[in-house]
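Trainee: TSV, C-alpha atoms and all ligand atoms, file target.tsv:
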chain	number	residue	atom	x	y	z
A	22	MET	CA	19.82	109.96	1.94
A	23	ILE	CA	17.89	108.61	-1.03
A	24	PRO	CA	19.99	107.75	-4.11
A	25	LEU	CA	17.79	109.65	-6.55
A	26	LYS	CA	18.22	108.98	-10.25
A	27	VAL	CA	19.27	112.33	-11.67
A	28	THR	CA	19.89	113.60	-15.17
A	29	THR	CA	22.25	116.55	-15.32
A	30	ARG	CA	23.66	118.83	-17.96
A	31	ASN	CA	26.74	121.00	-17.34
A	32	ASP	CA	28.32	121.32	-13.94
A	33	ARG	CA	29.00	125.02	-13.82
A	34	GLY	CA	27.02	128.13	-13.06
A	35	PRO	CA	23.72	128.44	-11.18
A	36	ALA	CA	21.64	125.34	-11.65
A	37	LEU	CA	18.03	125.01	-12.74
A	38	LEU	CA	16.29	122.18	-10.89
A	39	LEU	CA	13.38	120.68	-12.86
A	40	ILE	CA	10.78	118.88	-10.71
A	41	HIS	CA	8.26	116.65	-12.43
A	42	GLY	CA	4.61	116.10	-11.45
A	43	PHE	CA	2.37	113.08	-10.88
A	44	PRO	CA	2.50	110.25	-11.98
A	45	LEU	CA	5.50	111.20	-14.07
A	46	ASP	CA	9.28	111.37	-14.07
A	47	HIS	CA	12.06	113.61	-15.38
A	48	ARG	CA	11.28	112.68	-19.00
A	49	ILE	CA	8.41	115.19	-18.92
A	50	TRP	CA	11.15	117.84	-19.27
A	51	THR	CA	12.78	116.29	-22.35
A	52	PRO	CA	12.16	119.32	-24.63
A	53	GLN	CA	13.73	121.61	-22.04
A	54	LEU	CA	16.66	119.24	-21.46
A	55	GLU	CA	17.24	119.29	-25.20
A	56	ARG	CA	16.65	122.96	-25.95
A	57	LEU	CA	17.50	125.17	-22.97
A	58	PRO	CA	20.67	127.15	-23.82
A	59	SER	CA	23.75	125.06	-23.16
A	60	SER	CA	25.04	127.70	-20.72
A	61	ILE	CA	22.29	126.72	-18.26
A	62	ARG	CA	23.16	123.91	-15.88
A	63	ILE	CA	20.22	121.53	-15.43
A	64	VAL	CA	19.43	119.04	-12.67
A	65	ALA	CA	16.41	116.86	-13.47
A	66	PRO	CA	15.81	114.14	-10.87
A	67	ASP	CA	13.22	111.41	-10.58
A	68	LEU	CA	11.50	111.95	-7.21
A	69	ARG	CA	11.62	109.07	-4.71
A	70	GLY	CA	9.42	106.22	-5.94
A	71	CYS	CA	9.17	107.75	-9.42
A	72	GLY	CA	10.95	106.87	-12.65
A	73	SER	CA	14.13	105.02	-11.67
A	74	SER	CA	14.45	106.33	-8.10
A	75	PRO	CA	13.86	103.97	-5.18
A	76	LEU	CA	11.07	104.43	-2.65
A	77	PRO	CA	12.14	104.07	0.97
A	78	PRO	CA	9.74	102.13	3.20
A	79	GLY	CA	6.93	103.99	4.98
A	80	PRO	CA	4.76	106.92	4.00
A	81	CYS	CA	6.21	110.11	2.56
A	82	THR	CA	5.15	113.72	2.52
A	83	ILE	CA	5.59	116.66	0.18
A	84	ASP	CA	8.16	117.95	2.70
A	85	ASP	CA	10.11	114.67	2.33
A	86	TYR	CA	10.34	115.14	-1.44
A	87	ALA	CA	11.52	118.71	-0.83
A	88	ARG	CA	14.15	117.59	1.69
A	89	ASP	CA	15.41	114.96	-0.78
A	90	LEU	CA	15.90	117.69	-3.36
A	91	LEU	CA	17.62	120.13	-0.99
A	92	THR	CA	20.03	117.29	-0.14
A	93	LEU	CA	20.46	116.48	-3.83
A	94	MET	CA	21.35	120.12	-4.56
A	95	ASN	CA	23.94	119.98	-1.75
A	96	GLU	CA	25.44	116.92	-3.42
A	97	GLN	CA	25.43	118.81	-6.70
A	98	LYS	CA	27.28	121.63	-4.90
A	99	ALA	CA	24.50	124.01	-5.82
A	100	ASP	CA	24.05	126.18	-2.77
A	101	ARG	CA	21.63	128.54	-4.49
A	102	PHE	CA	19.65	127.57	-7.57
A	103	TYR	CA	16.60	128.16	-9.76
A	104	VAL	CA	13.71	125.74	-9.61
A	105	ALA	CA	10.75	124.85	-11.84
A	106	GLY	CA	7.99	122.58	-10.55
A	107	HIS	CA	5.24	121.07	-12.62
A	108	SER	CA	1.93	120.57	-10.76
A	109	MET	CA	2.89	118.26	-7.86
A	110	GLY	CA	6.41	119.56	-8.47
A	111	GLY	CA	5.03	123.01	-7.68
A	112	TYR	CA	3.68	121.74	-4.33
A	113	ILE	CA	7.26	120.65	-3.64
A	114	VAL	CA	8.60	124.08	-4.66
A	115	PHE	CA	6.35	125.69	-2.02
A	116	SER	CA	7.81	123.36	0.60
A	117	MET	CA	11.37	124.19	-0.52
A	118	LEU	CA	10.53	127.90	-0.30
A	119	ARG	CA	9.35	127.32	3.28
A	120	GLN	CA	12.36	125.21	4.25
A	121	ALA	CA	15.15	127.09	2.49
A	122	PRO	CA	13.93	130.39	0.99
A	123	ASN	CA	17.45	131.80	0.76
A	124	ARG	CA	18.62	129.00	-1.50
A	125	ILE	CA	16.08	129.71	-4.25
A	126	LEU	CA	17.20	132.30	-6.80
A	127	GLY	CA	14.00	132.13	-8.85
A	128	ALA	CA	10.98	129.85	-9.17
A	129	ALA	CA	8.67	128.69	-11.95
A	130	LEU	CA	5.31	127.16	-11.10
A	131	VAL	CA	3.97	125.25	-14.08
A	132	SER	CA	0.26	124.29	-14.01
A	133	SER	CA	0.33	124.19	-10.23
A	134	ARG	CA	-1.74	125.47	-7.36
A	135	ALA	CA	-1.29	126.73	-3.80
A	136	LEU	CA	-4.60	125.46	-2.39
A	137	PRO	CA	-4.80	122.07	-0.64
A	138	ASP	CA	-7.17	119.26	-1.63
A	139	SER	CA	-10.86	119.28	-0.74
A	140	ASP	CA	-12.17	116.33	1.27
A	141	ASP	CA	-13.66	114.83	-1.91
A	142	VAL	CA	-10.36	115.01	-3.75
A	143	ARG	CA	-8.61	113.42	-0.76
A	144	LYS	CA	-11.00	110.46	-0.96
A	145	THR	CA	-10.35	110.09	-4.68
A	146	ARG	CA	-6.58	110.15	-4.04
A	147	GLU	CA	-6.94	107.24	-1.60
A	148	THR	CA	-8.91	105.28	-4.20
A	149	VAL	CA	-6.17	105.99	-6.76
A	150	ALA	CA	-3.48	104.91	-4.25
A	151	GLU	CA	-5.22	101.64	-3.44
A	152	ARG	CA	-5.91	100.88	-7.09
A	153	ALA	CA	-2.29	101.57	-8.07
A	154	GLU	CA	-1.09	99.22	-5.34
A	155	LYS	CA	-3.48	96.48	-6.48
A	156	GLU	CA	-3.34	96.71	-10.26
A	157	GLY	CA	-0.39	98.95	-11.17
A	158	PRO	CA	-0.44	102.28	-13.02
A	159	GLY	CA	-2.17	101.05	-16.22
A	160	PHE	CA	-5.53	102.63	-15.37
A	161	LEU	CA	-3.84	106.04	-15.02
A	162	ALA	CA	-1.93	105.60	-18.27
A	163	GLU	CA	-5.27	104.92	-19.96
A	164	SER	CA	-7.35	107.70	-18.45
A	165	MET	CA	-5.05	110.56	-17.49
A	166	PRO	CA	-3.23	111.57	-20.70
A	167	ALA	CA	-6.43	112.69	-22.47
A	168	ARG	CA	-7.40	114.76	-19.43
A	169	ALA	CA	-3.90	116.24	-19.21
A	170	VAL	CA	-3.79	117.82	-22.66
A	171	GLY	CA	-5.66	120.62	-24.43
A	172	GLU	CA	-7.86	120.25	-27.51
A	173	THR	CA	-5.08	119.75	-30.04
A	174	PRO	CA	-1.93	118.38	-28.45
A	175	PRO	CA	1.17	118.30	-30.69
A	176	PRO	CA	1.94	114.89	-32.22
A	177	GLY	CA	3.58	112.47	-29.82
A	178	VAL	CA	2.54	114.16	-26.58
A	179	LEU	CA	-0.23	111.71	-25.68
A	180	ASP	CA	2.03	108.74	-26.41
A	181	ARG	CA	4.82	110.21	-24.32
A	182	LEU	CA	2.45	110.66	-21.38
A	183	ARG	CA	1.07	107.12	-21.77
A	184	THR	CA	4.60	105.69	-21.78
A	185	ILE	CA	5.79	107.59	-18.71
A	186	MET	CA	2.60	106.94	-16.72
A	187	GLY	CA	2.49	103.28	-17.76
A	188	GLU	CA	6.05	102.78	-16.47
A	189	ALA	CA	5.36	104.43	-13.08
A	190	GLN	CA	6.09	102.43	-9.93
A	191	PRO	CA	2.84	101.29	-8.27
A	192	ALA	CA	4.05	101.97	-4.72
A	193	GLY	CA	5.50	105.32	-5.81
A	194	VAL	CA	2.17	106.34	-7.37
A	195	ALA	CA	0.37	105.42	-4.14
A	196	ALA	CA	2.88	107.29	-2.00
A	197	ALA	CA	2.64	110.42	-4.15
A	198	ALA	CA	-1.19	110.36	-4.20
A	199	ARG	CA	-1.23	110.16	-0.38
A	200	ALA	CA	1.47	112.84	-0.04
A	201	MET	CA	-0.56	115.23	-2.23
A	202	ALA	CA	-3.72	114.49	-0.22
A	203	ALA	CA	-1.96	115.42	3.02
A	204	ARG	CA	-0.35	118.61	1.76
A	205	ILE	CA	-0.96	121.88	3.54
A	206	ASP	CA	-2.40	125.11	2.17
A	207	SER	CA	0.45	127.12	0.62
A	208	THR	CA	-1.68	130.21	0.03
A	209	PRO	CA	-0.68	132.00	3.26
A	210	GLY	CA	2.99	131.93	2.19
A	211	LEU	CA	2.46	133.38	-1.30
A	212	ALA	CA	2.84	137.02	-0.23
A	213	ARG	CA	6.21	136.18	1.36
A	214	ILE	CA	7.79	134.74	-1.79
A	215	ALA	CA	10.68	137.10	-2.43
A	216	CYS	CA	12.43	135.55	-5.45
A	217	PRO	CA	11.54	136.24	-9.11
A	218	THR	CA	8.64	133.94	-9.93
A	219	VAL	CA	6.99	132.85	-13.17
A	220	VAL	CA	3.58	131.16	-13.18
A	221	PHE	CA	2.58	129.17	-16.27
A	222	ALA	CA	-1.14	128.60	-16.80
A	223	GLY	CA	-2.58	126.35	-19.51
A	224	ARG	CA	-5.72	128.05	-20.83
A	225	GLN	CA	-7.25	124.59	-21.44
A	226	ASP	CA	-6.08	122.95	-18.21
A	227	LYS	CA	-8.74	120.49	-16.95
A	228	ILE	CA	-6.74	119.45	-13.88
A	229	VAL	CA	-5.69	122.78	-12.34
A	230	PRO	CA	-8.27	125.47	-13.24
A	231	PRO	CA	-6.37	128.31	-14.95
A	232	ALA	CA	-8.25	130.85	-12.81
A	233	GLU	CA	-6.54	129.30	-9.79
A	234	SER	CA	-3.10	129.77	-11.37
A	235	GLU	CA	-4.02	133.34	-12.21
A	236	ALA	CA	-5.10	134.09	-8.62
A	237	MET	CA	-1.91	132.47	-7.35
A	238	ALA	CA	0.23	134.64	-9.62
A	239	LYS	CA	-1.55	137.77	-8.39
A	240	ALA	CA	-0.82	136.81	-4.77
A	241	ILE	CA	2.96	136.44	-5.33
A	242	PRO	CA	4.74	139.82	-5.27
A	243	GLY	CA	5.98	140.71	-8.76
A	244	ALA	CA	5.16	137.29	-10.26
A	245	ARG	CA	4.95	137.05	-14.02
A	246	LEU	CA	1.95	135.13	-15.38
A	247	VAL	CA	2.52	133.35	-18.68
A	248	TRP	CA	-0.63	132.16	-20.44
A	249	CYS	CA	-0.15	129.02	-22.51
A	250	GLU	CA	-3.10	129.45	-24.84
A	251	ARG	CA	-2.84	126.08	-26.60
A	252	SER	CA	-2.06	123.99	-23.53
A	253	GLY	CA	-3.85	121.82	-21.07
A	254	HIS	CA	-1.95	120.61	-18.01
A	255	VAL	CA	1.45	119.91	-19.61
A	256	PRO	CA	2.64	123.11	-21.34
A	257	MET	CA	6.28	122.01	-21.15
A	258	LEU	CA	5.29	119.45	-23.81
A	259	GLU	CA	2.36	121.21	-25.46
A	260	GLU	CA	4.03	124.62	-25.88
A	261	SER	CA	7.57	123.55	-25.22
A	262	ASP	CA	9.24	126.48	-27.02
A	263	LEU	CA	7.36	129.04	-24.95
A	264	VAL	CA	8.15	127.27	-21.67
A	265	THR	CA	11.79	126.77	-22.65
A	266	ARG	CA	12.16	130.45	-23.57
A	267	GLU	CA	10.63	131.65	-20.31
A	268	LEU	CA	12.71	129.26	-18.20
A	269	ALA	CA	15.84	130.40	-20.04
A	270	SER	CA	15.09	134.01	-19.21
A	271	LEU	CA	14.36	133.16	-15.54
A	272	ALA	CA	17.58	131.18	-15.05
A	273	ARG	CA	19.85	133.34	-17.21
B	1	LIG	C1	0.20	116.52	-11.30
B	1	LIG	O1	0.16	116.75	-12.51
B	1	LIG	O2	1.25	116.54	-10.66
B	1	LIG	C2	-1.08	116.17	-10.59
B	1	LIG	O3	-2.12	116.03	-11.51
B	1	LIG	C3	-1.41	117.19	-9.57
B	1	LIG	C4	-2.64	116.88	-8.79
B	1	LIG	O4	-3.30	115.87	-9.02
B	1	LIG	O5	-2.97	117.69	-7.89
Would you put the structure from the file into structure tokens?
Ligand code: MLT
Mentor:
Amino acid sequence: MIPLKVTTRNDRGPALLLIHGFPLDHRIWTPQLERLPSSIRIVAPDLRGCGSSPLPPGPCTIDDYARDLLTLMNEQKADRFYVAGHSMGGYIVFSMLRQAPNRILGAALVSSRALPDSDDVRKTRETVAERAEKEGPGFLAESMPARAVGETPPPGVLDRLRTIMGEAQPAGVAAAARAMAARIDSTPGLARIACPTVVFAGRQDKIVPPAESEAMAKAIPGARLVWCERSGHVPMLEESDLVTRELASLAR
């Protein structure tokens, strides 16, 4: 069992598990932690090797992150719960839906995708992993924030991304890049998702093409597609009120 660093709010009622993306940590959900209605119980962990959570030795997979979180929710005494995953966090949500579909009351997929990586992207991931191991996360903190936001990000968003990415653990970044590269295609399972699902798509997303999010939403029975018109890849920061409102209505 990995002692994940976890930020919680409330300890009653159905929980909403917030899963961050790459190379980030739970602080990406700060607006939601601050503004979701106080009646909603929140569990916002740092994944293994991210933020303040330790990384066990050896490689890890998307399924390992998912297993960590299912165990965490047991510890939190949350048998059934809502879950929101941002980007890589969404890849983890798909794994949780495969491993424990009956535990998920509702899911939000924020700027995420069901398709696996192409061979070219896998090669780039390995380069990123090796670079992070050699020189730390600074190169990501320099290059990624601008790519992650839309044309006019709200004040403070770029700085927040630079801070979180710059503080990422080198070995955790490498592990996550390799885990994403090895992930399977989640498309075949989309039609079997039976819980209420919300898909958030940033109209200006340069990392996950919004058309891919749209196609994913169409393939999930009854899924609601929420367009974030002024967002790139991080609508929970760029259009935080919209995302907070939609999550509140999912987890109500
Ligand atoms: C993320 O935001 O989690 C990553 O950019 C996802 C990815 O690179 O596939």
Trainee: Within 10 Å of ligand LIG 1 (chain B) (counting only C-alpha atoms and all ligand atoms), which residues show up? I'd like them as a VMD selection string.
Mentor: chain A and resid 40 to 45 106 to 112 131 to 134 136 to 138 142 146 165 168 to 169 197 to 198 201 to 202 227 to 229 254 to 255
Trainee: Pull C-alpha atoms from the residues just selected and write them as a PDB file, keeping the file's coordinate frame.
Mentor:
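That gives us again-v3.pdb:
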ATOM      1  CA  ILE A  40      10.780 118.880 -10.710  1.00  0.00           C
ATOM      2  CA  HIS A  41       8.260 116.650 -12.430  1.00  0.00           C
ATOM      3  CA  GLY A  42       4.610 116.100 -11.450  1.00  0.00           C
ATOM      4  CA  PHE A  43       2.370 113.080 -10.880  1.00  0.00           C
ATOM      5  CA  PRO A  44       2.500 110.250 -11.980  1.00  0.00           C
ATOM      6  CA  LEU A  45       5.500 111.200 -14.070  1.00  0.00           C
ATOM      7  CA  GLY A 106       7.990 122.580 -10.550  1.00  0.00           C
ATOM      8  CA  HIS A 107       5.240 121.070 -12.620  1.00  0.00           C
ATOM      9  CA  SER A 108       1.930 120.570 -10.760  1.00  0.00           C
ATOM     10  CA  MET A 109       2.890 118.260  -7.860  1.00  0.00           C
ATOM     11  CA  GLY A 110       6.410 119.560  -8.470  1.00  0.00           C
ATOM     12  CA  GLY A 111       5.030 123.010  -7.680  1.00  0.00           C
ATOM     13  CA  TYR A 112       3.680 121.740  -4.330  1.00  0.00           C
ATOM     14  CA  VAL A 131       3.970 125.250 -14.080  1.00  0.00           C
ATOM     15  CA  SER A 132       0.260 124.290 -14.010  1.00  0.00           C
ATOM     16  CA  SER A 133       0.330 124.190 -10.230  1.00  0.00           C
ATOM     17  CA  ARG A 134      -1.740 125.470  -7.360  1.00  0.00           C
ATOM     18  CA  LEU A 136      -4.600 125.460  -2.390  1.00  0.00           C
ATOM     19  CA  PRO A 137      -4.800 122.070  -0.640  1.00  0.00           C
ATOM     20  CA  ASP A 138      -7.170 119.260  -1.630  1.00  0.00           C
ATOM     21  CA  VAL A 142     -10.360 115.010  -3.750  1.00  0.00           C
ATOM     22  CA  ARG A 146      -6.580 110.150  -4.040  1.00  0.00           C
ATOM     23  CA  MET A 165      -5.050 110.560 -17.490  1.00  0.00           C
ATOM     24  CA  ARG A 168      -7.400 114.760 -19.430  1.00  0.00           C
ATOM     25  CA  ALA A 169      -3.900 116.240 -19.210  1.00  0.00           C
ATOM     26  CA  ALA A 197       2.640 110.420  -4.150  1.00  0.00           C
ATOM     27  CA  ALA A 198      -1.190 110.360  -4.200  1.00  0.00           C
ATOM     28  CA  MET A 201      -0.560 115.230  -2.230  1.00  0.00           C
ATOM     29  CA  ALA A 202      -3.720 114.490  -0.220  1.00  0.00           C
ATOM     30  CA  LYS A 227      -8.740 120.490 -16.950  1.00  0.00           C
ATOM     31  CA  ILE A 228      -6.740 119.450 -13.880  1.00  0.00           C
ATOM     32  CA  VAL A 229      -5.690 122.780 -12.340  1.00  0.00           C
ATOM     33  CA  HIS A 254      -1.950 120.610 -18.010  1.00  0.00           C
ATOM     34  CA  VAL A 255       1.450 119.910 -19.610  1.00  0.00           C
TER      35      VAL A 255
END
Trainee: So which one's closest to A:Leu211, A:Pro78, A:Ala36, A:Thr265, A:Arg119? Using all atoms listed in the file, please.
Mentor: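 Result for the nearest residue to A:Leu211: A:Arg119.
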Trainee: Write out, as JSON lines, each residue of stretch 91-176 of chain A that has an atom at most 12 Å from stretch 28-33 of chain A, together with the closest pair of atoms and their distance in Å to one decimal, counting all atoms listed in the file, rows going by chain and rising number.
Mentor:
{"residue": "A:Leu93", "atom": "CA", "partner": "A:Thr29", "partner_atom": "CA", "distance": 11.6}
{"residue": "A:Met94", "atom": "CA", "partner": "A:Thr29", "partner_atom": "CA", "distance": 11.4}
{"residue": "A:Glu96", "atom": "CA", "partner": "A:Asp32", "partner_atom": "CA", "distance": 11.8}
{"residue": "A:Gln97", "atom": "CA", "partner": "A:Asp32", "partner_atom": "CA", "distance": 8.2}
{"residue": "A:Lys98", "atom": "CA", "partner": "A:Asp32", "partner_atom": "CA", "distance": 9.1}
{"residue": "A:Ala99", "atom": "CA", "partner": "A:Arg33", "partner_atom": "CA", "distance": 9.2}
{"residue": "A:Phe102", "atom": "CA", "partner": "A:Arg33", "partner_atom": "CA", "distance": 11.5}
Trainee: Quick one: distance from atom CA of A:Ala240 to atom CA of A:Ala212 in Å, one decimal?
Mentor: 5.8 Å
Trainee: Quote the spacing between atom CA of A:Leu91 and atom CA of A:Ser60 in Å to one decimal place.
Mentor: 22.4 Å
Trainee: Residues of stretch 67-150 of chain A within 12 Å of stretch 178-188 of chain A: nearest atom pair and distance (Å, one decimal) for each, counting all atoms listed in the file, sorted by chain and number, as JSON lines?
Mentor:
{"residue": "A:Asp67", "atom": "CA", "partner": "A:Ile185", "partner_atom": "CA", "distance": 11.7}
{"residue": "A:Gly70", "atom": "CA", "partner": "A:Glu188", "partner_atom": "CA", "distance": 11.6}
{"residue": "A:Cys71", "atom": "CA", "partner": "A:Glu188", "partner_atom": "CA", "distance": 9.2}
{"residue": "A:Gly72", "atom": "CA", "partner": "A:Glu188", "partner_atom": "CA", "distance": 7.4}
{"residue": "A:Ser73", "atom": "CA", "partner": "A:Glu188", "partner_atom": "CA", "distance": 9.7}
Trainee: Complete the atoms of stretch 190-211 of chain A to N, CA and C atoms and put them out as a PDB file, in the frame of the given file.
Mentor:
ATOM      1  N   GLN A 190       6.023 103.470 -10.958  1.00  0.00           N
ATOM      2  CA  GLN A 190       6.090 102.430  -9.930  1.00  0.00           C
ATOM      3  C   GLN A 190       4.795 102.444  -9.106  1.00  0.00           C
ATOM      4  N   PRO A 191       4.115 101.305  -8.994  1.00  0.00           N
ATOM      5  CA  PRO A 191       2.840 101.290  -8.270  1.00  0.00           C
ATOM      6  C   PRO A 191       2.944 101.891  -6.864  1.00  0.00           C
ATOM      7  N   ALA A 192       3.952 101.470  -6.108  1.00  0.00           N
ATOM      8  CA  ALA A 192       4.050 101.970  -4.720  1.00  0.00           C
ATOM      9  C   ALA A 192       4.393 103.465  -4.711  1.00  0.00           C
ATOM     10  N   GLY A 193       5.144 103.900  -5.714  1.00  0.00           N
ATOM     11  CA  GLY A 193       5.500 105.320  -5.810  1.00  0.00           C
ATOM     12  C   GLY A 193       4.281 106.170  -6.154  1.00  0.00           C
ATOM     13  N   VAL A 194       3.418 105.636  -7.016  1.00  0.00           N
ATOM     14  CA  VAL A 194       2.170 106.340  -7.370  1.00  0.00           C
ATOM     15  C   VAL A 194       1.310 106.483  -6.111  1.00  0.00           C
ATOM     16  N   ALA A 195       1.198 105.389  -5.358  1.00  0.00           N
ATOM     17  CA  ALA A 195       0.370 105.420  -4.140  1.00  0.00           C
ATOM     18  C   ALA A 195       0.935 106.424  -3.138  1.00  0.00           C
ATOM     19  N   ALA A 196       2.247 106.381  -2.971  1.00  0.00           N
ATOM     20  CA  ALA A 196       2.880 107.290  -2.000  1.00  0.00           C
ATOM     21  C   ALA A 196       2.659 108.752  -2.400  1.00  0.00           C
ATOM     22  N   ALA A 197       2.785 109.030  -3.691  1.00  0.00           N
ATOM     23  CA  ALA A 197       2.640 110.420  -4.150  1.00  0.00           C
ATOM     24  C   ALA A 197       1.187 110.878  -4.011  1.00  0.00           C
ATOM     25  N   ALA A 198       0.228 109.988  -4.328  1.00  0.00           N
ATOM     26  CA  ALA A 198      -1.190 110.360  -4.200  1.00  0.00           C
ATOM     27  C   ALA A 198      -1.497 110.708  -2.738  1.00  0.00           C
ATOM     28  N   ARG A 199      -0.963 109.909  -1.817  1.00  0.00           N
ATOM     29  CA  ARG A 199      -1.230 110.160  -0.380  1.00  0.00           C
ATOM     30  C   ARG A 199      -0.486 111.417   0.086  1.00  0.00           C
ATOM     31  N   ALA A 200       0.717 111.636  -0.432  1.00  0.00           N
ATOM     32  CA  ALA A 200       1.470 112.840  -0.040  1.00  0.00           C
ATOM     33  C   ALA A 200       0.726 114.097  -0.502  1.00  0.00           C
ATOM     34  N   MET A 201       0.183 114.054  -1.733  1.00  0.00           N
ATOM     35  CA  MET A 201      -0.560 115.230  -2.230  1.00  0.00           C
ATOM     36  C   MET A 201      -1.804 115.465  -1.374  1.00  0.00           C
ATOM     37  N   ALA A 202      -2.490 114.354  -1.011  1.00  0.00           N
ATOM     38  CA  ALA A 202      -3.720 114.490  -0.220  1.00  0.00           C
ATOM     39  C   ALA A 202      -3.450 115.153   1.126  1.00  0.00           C
ATOM     40  N   ALA A 203      -2.272 114.906   1.673  1.00  0.00           N
ATOM     41  CA  ALA A 203      -1.960 115.420   3.020  1.00  0.00           C
ATOM     42  C   ALA A 203      -1.279 116.786   2.985  1.00  0.00           C
ATOM     43  N   ARG A 204      -1.138 117.367   1.807  1.00  0.00           N
ATOM     44  CA  ARG A 204      -0.350 118.610   1.760  1.00  0.00           C
ATOM     45  C   ARG A 204      -1.106 119.779   2.395  1.00  0.00           C
ATOM     46  N   ILE A 205      -0.335 120.743   2.873  1.00  0.00           N
ATOM     47  CA  ILE A 205      -0.960 121.880   3.540  1.00  0.00           C
ATOM     48  C   ILE A 205      -1.298 122.974   2.524  1.00  0.00           C
ATOM     49  N   ASP A 206      -2.040 123.951   2.988  1.00  0.00           N
ATOM     50  CA  ASP A 206      -2.400 125.110   2.170  1.00  0.00           C
ATOM     51  C   ASP A 206      -1.168 126.019   2.040  1.00  0.00           C
ATOM     52  N   SER A 207      -0.713 126.250   0.816  1.00  0.00           N
ATOM     53  CA  SER A 207       0.450 127.120   0.620  1.00  0.00           C
ATOM     54  C   SER A 207       0.060 128.570   0.367  1.00  0.00           C
ATOM     55  N   THR A 208      -1.232 128.840   0.330  1.00  0.00           N
ATOM     56  CA  THR A 208      -1.680 130.210   0.030  1.00  0.00           C
ATOM     57  C   THR A 208      -1.130 131.257   1.008  1.00  0.00           C
ATOM     58  N   PRO A 209      -1.137 130.959   2.336  1.00  0.00           N
ATOM     59  CA  PRO A 209      -0.680 132.000   3.260  1.00  0.00           C
ATOM     60  C   PRO A 209       0.774 132.445   3.016  1.00  0.00           C
ATOM     61  N   GLY A 210       1.588 131.574   2.413  1.00  0.00           N
ATOM     62  CA  GLY A 210       2.990 131.930   2.190  1.00  0.00           C
ATOM     63  C   GLY A 210       3.241 132.687   0.885  1.00  0.00           C
ATOM     64  N   LEU A 211       2.221 132.807   0.038  1.00  0.00           N
ATOM     65  CA  LEU A 211       2.460 133.380  -1.300  1.00  0.00           C
ATOM     66  C   LEU A 211       3.005 134.805  -1.213  1.00  0.00           C
TER      67      LEU A 211
END
